[in-house]
file protein21.tsv (TSV, C-alpha atoms and all ligand atoms)
chain	number	residue	atom	x	y	z
A	1	MET	CA	23.46	-37.86	-48.15
A	2	PHE	CA	22.95	-34.19	-48.81
A	3	ILE	CA	23.81	-33.23	-52.39
A	4	GLU	CA	24.60	-29.56	-52.96
A	5	PRO	CA	22.10	-27.81	-55.22
A	6	TYR	CA	23.14	-27.12	-58.78
A	7	HIS	CA	23.05	-23.48	-59.74
A	8	ASN	CA	22.98	-22.40	-63.36
A	9	GLN	CA	26.00	-20.64	-64.76
A	10	HIS	CA	25.68	-16.93	-64.15
A	11	GLN	CA	27.00	-14.05	-66.17
A	12	GLN	CA	30.43	-13.05	-65.00
A	13	ASN	CA	29.34	-9.89	-63.19
A	14	GLU	CA	26.08	-11.29	-61.96
A	15	LYS	CA	26.01	-12.12	-58.28
A	16	ARG	CA	25.10	-15.65	-57.27
A	17	THR	CA	22.26	-16.20	-54.85
A	18	GLY	CA	23.02	-17.23	-51.30
A	19	TRP	CA	21.18	-19.88	-49.32
A	20	ILE	CA	20.92	-21.47	-45.88
A	21	GLU	CA	21.51	-25.11	-44.93
A	22	VAL	CA	20.66	-26.46	-41.47
A	23	VAL	CA	22.20	-29.68	-40.18
A	24	CYS	CA	20.39	-30.71	-37.00
A	25	GLY	CA	20.00	-33.70	-34.73
A	26	SER	CA	20.70	-35.04	-31.26
A	27	MET	CA	24.07	-35.48	-29.63
A	28	PHE	CA	26.17	-38.26	-31.22
A	29	SER	CA	24.29	-37.91	-34.52
A	30	GLY	CA	27.27	-36.67	-36.56
A	31	LYS	CA	26.08	-33.08	-37.09
A	32	THR	CA	29.54	-31.58	-36.83
A	33	GLU	CA	31.04	-34.28	-39.05
A	34	GLU	CA	28.47	-33.43	-41.71
A	35	LEU	CA	29.21	-29.70	-41.35
A	36	ILE	CA	32.94	-30.37	-41.70
A	37	ARG	CA	32.37	-32.61	-44.74
A	38	ARG	CA	30.52	-29.84	-46.56
A	39	LEU	CA	33.01	-27.13	-45.56
A	40	ASN	CA	36.03	-29.20	-46.57
A	41	ARG	CA	34.53	-29.88	-49.98
A	42	ALA	CA	33.97	-26.15	-50.50
A	43	LYS	CA	37.59	-25.53	-49.48
A	44	ILE	CA	38.85	-28.10	-51.96
A	45	ALA	CA	36.95	-26.16	-54.63
A	46	LYS	CA	38.99	-23.07	-53.57
A	47	GLN	CA	35.99	-21.29	-52.12
A	48	LYS	CA	36.70	-18.93	-49.22
A	49	VAL	CA	35.32	-20.50	-46.06
A	50	GLU	CA	34.90	-18.95	-42.60
A	51	ILE	CA	33.84	-21.02	-39.61
A	52	PHE	CA	32.46	-19.79	-36.32
A	53	LYS	CA	31.34	-21.32	-33.07
A	54	PRO	CA	30.10	-19.83	-29.79
A	55	ALA	CA	32.98	-18.98	-27.46
A	56	LEU	CA	31.20	-20.69	-24.59
A	57	ASP	CA	31.78	-24.08	-26.16
A	58	THR	CA	35.27	-24.79	-24.85
A	59	ARG	CA	35.28	-28.54	-25.27
A	60	TYR	CA	38.47	-29.94	-26.74
A	61	HIS	CA	40.49	-27.15	-28.42
A	62	GLU	CA	39.72	-23.44	-28.27
A	63	GLU	CA	40.24	-22.70	-31.94
A	64	ASN	CA	39.05	-25.81	-33.68
A	65	ILE	CA	35.68	-27.25	-34.37
A	66	VAL	CA	36.25	-30.83	-33.36
A	67	SER	CA	33.68	-33.47	-33.96
A	68	HIS	CA	33.60	-36.50	-31.71
A	69	ASN	CA	35.61	-38.62	-34.10
A	70	SER	CA	38.34	-35.96	-34.20
A	71	LEU	CA	37.92	-34.70	-37.75
A	72	MET	CA	39.12	-31.15	-37.33
A	73	ILE	CA	38.70	-27.80	-38.95
A	74	ARG	CA	39.87	-24.35	-37.84
A	75	SER	CA	37.19	-22.07	-36.46
A	76	THR	CA	36.85	-18.70	-34.76
A	77	PRO	CA	35.21	-18.67	-31.32
A	78	ILE	CA	32.94	-15.63	-30.94
A	79	GLN	CA	30.78	-14.11	-28.20
A	80	SER	CA	27.81	-12.71	-30.09
A	81	SER	CA	26.05	-13.38	-33.38
A	82	GLN	CA	26.79	-9.83	-34.62
A	83	GLU	CA	30.51	-10.64	-34.77
A	84	ILE	CA	29.81	-13.10	-37.58
A	85	LEU	CA	28.74	-10.25	-39.88
A	86	LEU	CA	31.90	-8.31	-39.07
A	87	LEU	CA	34.24	-11.27	-39.51
A	88	SER	CA	32.78	-13.07	-42.53
A	89	GLY	CA	33.95	-10.37	-44.98
A	90	ASP	CA	34.17	-11.51	-48.59
A	91	CYS	CA	34.04	-15.25	-48.00
A	92	ASP	CA	31.84	-17.54	-50.11
A	93	VAL	CA	30.78	-20.00	-47.43
A	94	VAL	CA	30.04	-19.40	-43.74
A	95	GLY	CA	29.88	-22.39	-41.37
A	96	ILE	CA	28.51	-22.10	-37.84
A	97	ASP	CA	28.71	-24.95	-35.33
A	98	GLU	CA	26.70	-25.34	-32.10
A	99	VAL	CA	24.38	-22.68	-33.46
A	100	GLN	CA	21.73	-23.43	-30.82
A	101	PHE	CA	23.89	-21.62	-28.24
A	102	PHE	CA	23.81	-18.23	-30.01
A	103	ASP	CA	21.67	-15.25	-29.02
A	104	SER	CA	18.41	-14.57	-30.85
A	105	GLY	CA	20.18	-12.19	-33.26
A	106	ILE	CA	21.59	-15.23	-35.05
A	107	VAL	CA	18.45	-15.59	-37.21
A	108	GLU	CA	18.80	-12.14	-38.75
A	109	VAL	CA	22.56	-12.57	-39.10
A	110	VAL	CA	22.18	-15.84	-41.01
A	111	ASN	CA	19.48	-14.29	-43.21
A	112	ASN	CA	21.66	-11.26	-43.97
A	113	LEU	CA	24.61	-13.46	-44.93
A	114	ALA	CA	22.49	-15.52	-47.32
A	115	ASN	CA	20.89	-12.36	-48.75
A	116	SER	CA	24.35	-11.04	-49.53
A	117	GLY	CA	25.09	-14.09	-51.70
A	118	LYS	CA	26.82	-16.41	-49.27
A	119	ARG	CA	26.20	-20.09	-48.70
A	120	VAL	CA	25.52	-20.44	-44.96
A	121	ILE	CA	25.73	-23.86	-43.29
A	122	VAL	CA	24.71	-24.09	-39.63
A	123	ALA	CA	24.80	-27.15	-37.39
A	124	GLY	CA	23.16	-27.55	-34.01
A	125	LEU	CA	21.07	-29.50	-31.55
A	126	ASP	CA	17.40	-29.33	-32.52
A	127	MET	CA	16.21	-30.39	-29.04
A	128	ASP	CA	17.52	-29.94	-25.51
A	129	PHE	CA	17.74	-32.72	-22.91
A	130	GLN	CA	14.02	-32.32	-22.16
A	131	GLY	CA	13.08	-32.87	-25.79
A	132	LYS	CA	12.16	-29.20	-26.26
A	133	PRO	CA	13.22	-27.13	-29.30
A	134	PHE	CA	16.63	-25.60	-28.61
A	135	GLY	CA	17.20	-21.83	-28.86
A	136	GLU	CA	16.71	-20.36	-32.33
A	137	MET	CA	16.87	-23.71	-34.13
A	138	PRO	CA	13.14	-23.71	-35.05
A	139	ALA	CA	13.45	-20.21	-36.56
A	140	LEU	CA	16.62	-21.16	-38.44
A	141	MET	CA	14.93	-24.25	-39.85
A	142	ALA	CA	11.99	-22.10	-40.99
A	143	ILE	CA	14.16	-19.72	-43.03
A	144	ALA	CA	16.53	-22.39	-44.43
A	145	GLU	CA	16.39	-23.63	-48.01
A	146	TYR	CA	17.72	-27.06	-46.99
A	147	ILE	CA	17.40	-29.02	-43.74
A	148	THR	CA	19.19	-32.26	-42.98
A	149	LYS	CA	18.26	-34.12	-39.81
A	150	VAL	CA	20.90	-36.64	-38.90
A	151	HIS	CA	20.32	-39.41	-36.38
A	152	ALA	CA	22.19	-41.31	-33.73
A	153	VAL	CA	21.67	-44.89	-32.61
A	154	CYS	CA	19.68	-45.54	-29.40
A	155	VAL	CA	22.04	-46.77	-26.69
A	156	VAL	CA	19.24	-48.78	-25.08
A	157	CYS	CA	17.59	-50.61	-27.99
A	158	GLY	CA	19.53	-49.81	-31.18
A	159	ASP	CA	16.71	-48.01	-33.00
A	160	VAL	CA	17.10	-44.64	-34.66
A	161	ALA	CA	17.70	-42.02	-31.96
A	162	ASN	CA	16.82	-38.33	-32.09
A	163	TYR	CA	16.88	-37.43	-28.38
A	164	SER	CA	19.80	-36.40	-26.15
A	165	TYR	CA	19.06	-38.18	-22.88
A	166	ARG	CA	20.73	-36.70	-19.79
A	167	LYS	CA	21.88	-39.32	-17.32
A	168	THR	CA	22.21	-36.91	-14.37
A	169	ALA	CA	19.61	-34.93	-12.42
A	170	ALA	CA	21.00	-31.48	-13.38
A	171	GLN	CA	18.25	-29.21	-14.70
A	172	GLU	CA	20.07	-26.36	-16.49
A	173	GLN	CA	19.60	-26.33	-20.28
A	174	VAL	CA	23.29	-25.85	-21.06
A	175	MET	CA	25.80	-28.18	-19.42
A	176	LEU	CA	29.02	-27.64	-21.33
A	177	GLY	CA	31.80	-30.13	-21.79
A	178	GLU	CA	29.72	-32.87	-20.25
A	179	THR	CA	29.21	-35.24	-23.14
A	180	ASP	CA	29.71	-38.19	-20.78
A	181	SER	CA	26.46	-37.17	-19.08
A	182	TYR	CA	24.38	-37.85	-22.19
A	183	GLU	CA	23.37	-40.71	-24.38
A	184	ALA	CA	21.38	-40.90	-27.60
A	185	ARG	CA	17.95	-42.48	-27.24
A	186	CYS	CA	14.96	-43.22	-29.47
A	187	ARG	CA	11.53	-41.81	-28.69
A	188	LYS	CA	10.41	-44.88	-26.73
A	189	CYS	CA	13.54	-45.20	-24.61
A	190	PHE	CA	13.77	-41.43	-24.01
A	191	HIS	CA	10.40	-41.58	-22.25
A	192	LEU	CA	11.14	-44.70	-20.18
B	201	ZN	ZN	15.50	-47.10	-27.95
call {"tool": "encode", "arguments": {"input": "protein21.tsv", "output": "structure tokens", "more": "lines below"}}
Ligand SMILES: [Zn+2]
result
Amino acid sequence: MFIEPYHNQHQQNEKRTGWIEVVCGSMFSGKTEELIRRLNRAKIAKQKVEIFKPALDTRYHEENIVSHNSLMIRSTPIQSSQEILLLSGDCDVVGIDEVQFFDSGIVEVVNNLANSGKRVIVAGLDMDFQGKPFGEMPALMAIAEYITKVHAVCVVCGDVANYSYRKTAAQEQVMLGETDSYEARCRKCFHL
């Protein structure tokens, strides 16, 4: 399990450093659950938390990040990465779900937030259904202080799974709200 880094006590007027955490993995790996776990713990500590997700992800409820086991947390759906800078204000922690769907500006936005002293936690698919790196995830992983790759269980053989296998012939990279069309598979079974 990811353990938050310990930062030394700072002088009262001294600004804390920010940092970036990436939670990545395939579908059904528990990425969103892990994001919610970290955000809820920050909330319990009375830190100001803002949560964003791409507006195109309309699965389940419009306003909530909902992980597949229905742990819920309120989030703001937004159209472009720039809106995150405008809306994150004076919060301590910024959470972003489904970050692989954002435009390429997301990398600079996340960097700017961390540079301004915020803890930024992003969660997203590291690979698409073809096993290729998804969107800006590689760049986000490069600039992050901490990366956690979570895994699913292969539906075919029960080994550790890190691929999102698409069961239909559709070829577009983004197929929203279609979780039934995927299953988690290990490397061997993904290439069957
Ligand atoms: Zn397998």
call {"tool": "closest_residue", "arguments": {"input": "protein21.tsv", "among": "A:Phe2, A:Phe52, A:Phe102, A:Phe134", "to": "Lys149 of chain A", "atoms": "only C-alpha atoms"}}
result
A:Phe2
call {"tool": "atom_distance", "arguments": {"input": "protein21.tsv", "atom1": "atom CA of Ser80 of chain A", "atom2": "atom CA of Asp103 of chain A"}}
result
6.7 Å
call {"tool": "closest_residue", "arguments": {"input": "protein21.tsv", "among": "A:Gly117, A:Gly131, A:Gly25, A:Gly158", "to": "ligand ZN 201 (chain B)", "atoms": "only C-alpha atoms and all ligand atoms"}}
result
A:Gly158
call {"tool": "residues_around", "arguments": {"input": "protein21.tsv", "residues": "segment 26-38 of chain A", "least_positions_apart": "6", "cutoff": "10 Å", "atoms": "only C-alpha atoms", "output": "JSON, numbers by chain"}}
result
{"A": [1, 2, 3, 4, 51, 65, 66, 67, 68, 69, 70, 71, 72, 73, 74, 93, 95, 96, 97, 98, 121, 122, 123, 124, 125, 126, 127, 128, 129, 131, 148, 149, 150, 151, 152, 153, 154, 160, 161, 162, 163, 164, 165, 179, 182, 183, 184, 185]}
call {"tool": "closest_residue", "arguments": {"input": "protein21.tsv", "among": "A:Ala55, A:Val49, A:Ile143, A:Ala170", "to": "Gln130 of chain A", "atoms": "all atoms listed in the file"}}
result
A:Ala170
call {"tool": "atom_distance", "arguments": {"input": "protein21.tsv", "atom1": "atom CA of Ile44 of chain A", "atom2": "atom CA of Gly18 of chain A"}}
result
19.2 Å
call {"tool": "atom_distance", "arguments": {"input": "protein21.tsv", "atom1": "atom CA of Gly89 of chain A", "atom2": "atom CA of Glu50 of chain A"}}
result
9.0 Å
call {"tool": "closest_residue", "arguments": {"input": "protein21.tsv", "among": "A:His191, A:Ala144, A:Cys186, A:Ile106", "to": "ligand ZN 201 (chain B)", "atoms": "all atoms listed in the file"}}
result
A:Cys186
call {"tool": "closest_residue", "arguments": {"input": "protein21.tsv", "among": "A:Lys15, A:Lys118, A:Lys53, A:Arg187", "to": "ligand ZN 201 (chain B)", "atoms": "only C-alpha atoms and all ligand atoms"}}
result
A:Arg187
call {"tool": "closest_residue", "arguments": {"input": "protein21.tsv", "among": "A:Glu21, A:Glu145, A:Asp159, A:Glu178", "to": "ligand ZN 201 (chain B)", "atoms": "only C-alpha atoms and all ligand atoms"}}
result
A:Asp159
call {"tool": "axis_aligned_box", "arguments": {"input": "protein21.tsv", "around": "segment 130-139 of chain A", "padding_each_side": "8 Å", "output": "JSON"}}
result
{"center_x": 14.7, "center_y": -26.5, "center_z": -29.4, "size_x": 21.0, "size_y": 28.7, "size_z": 30.4}
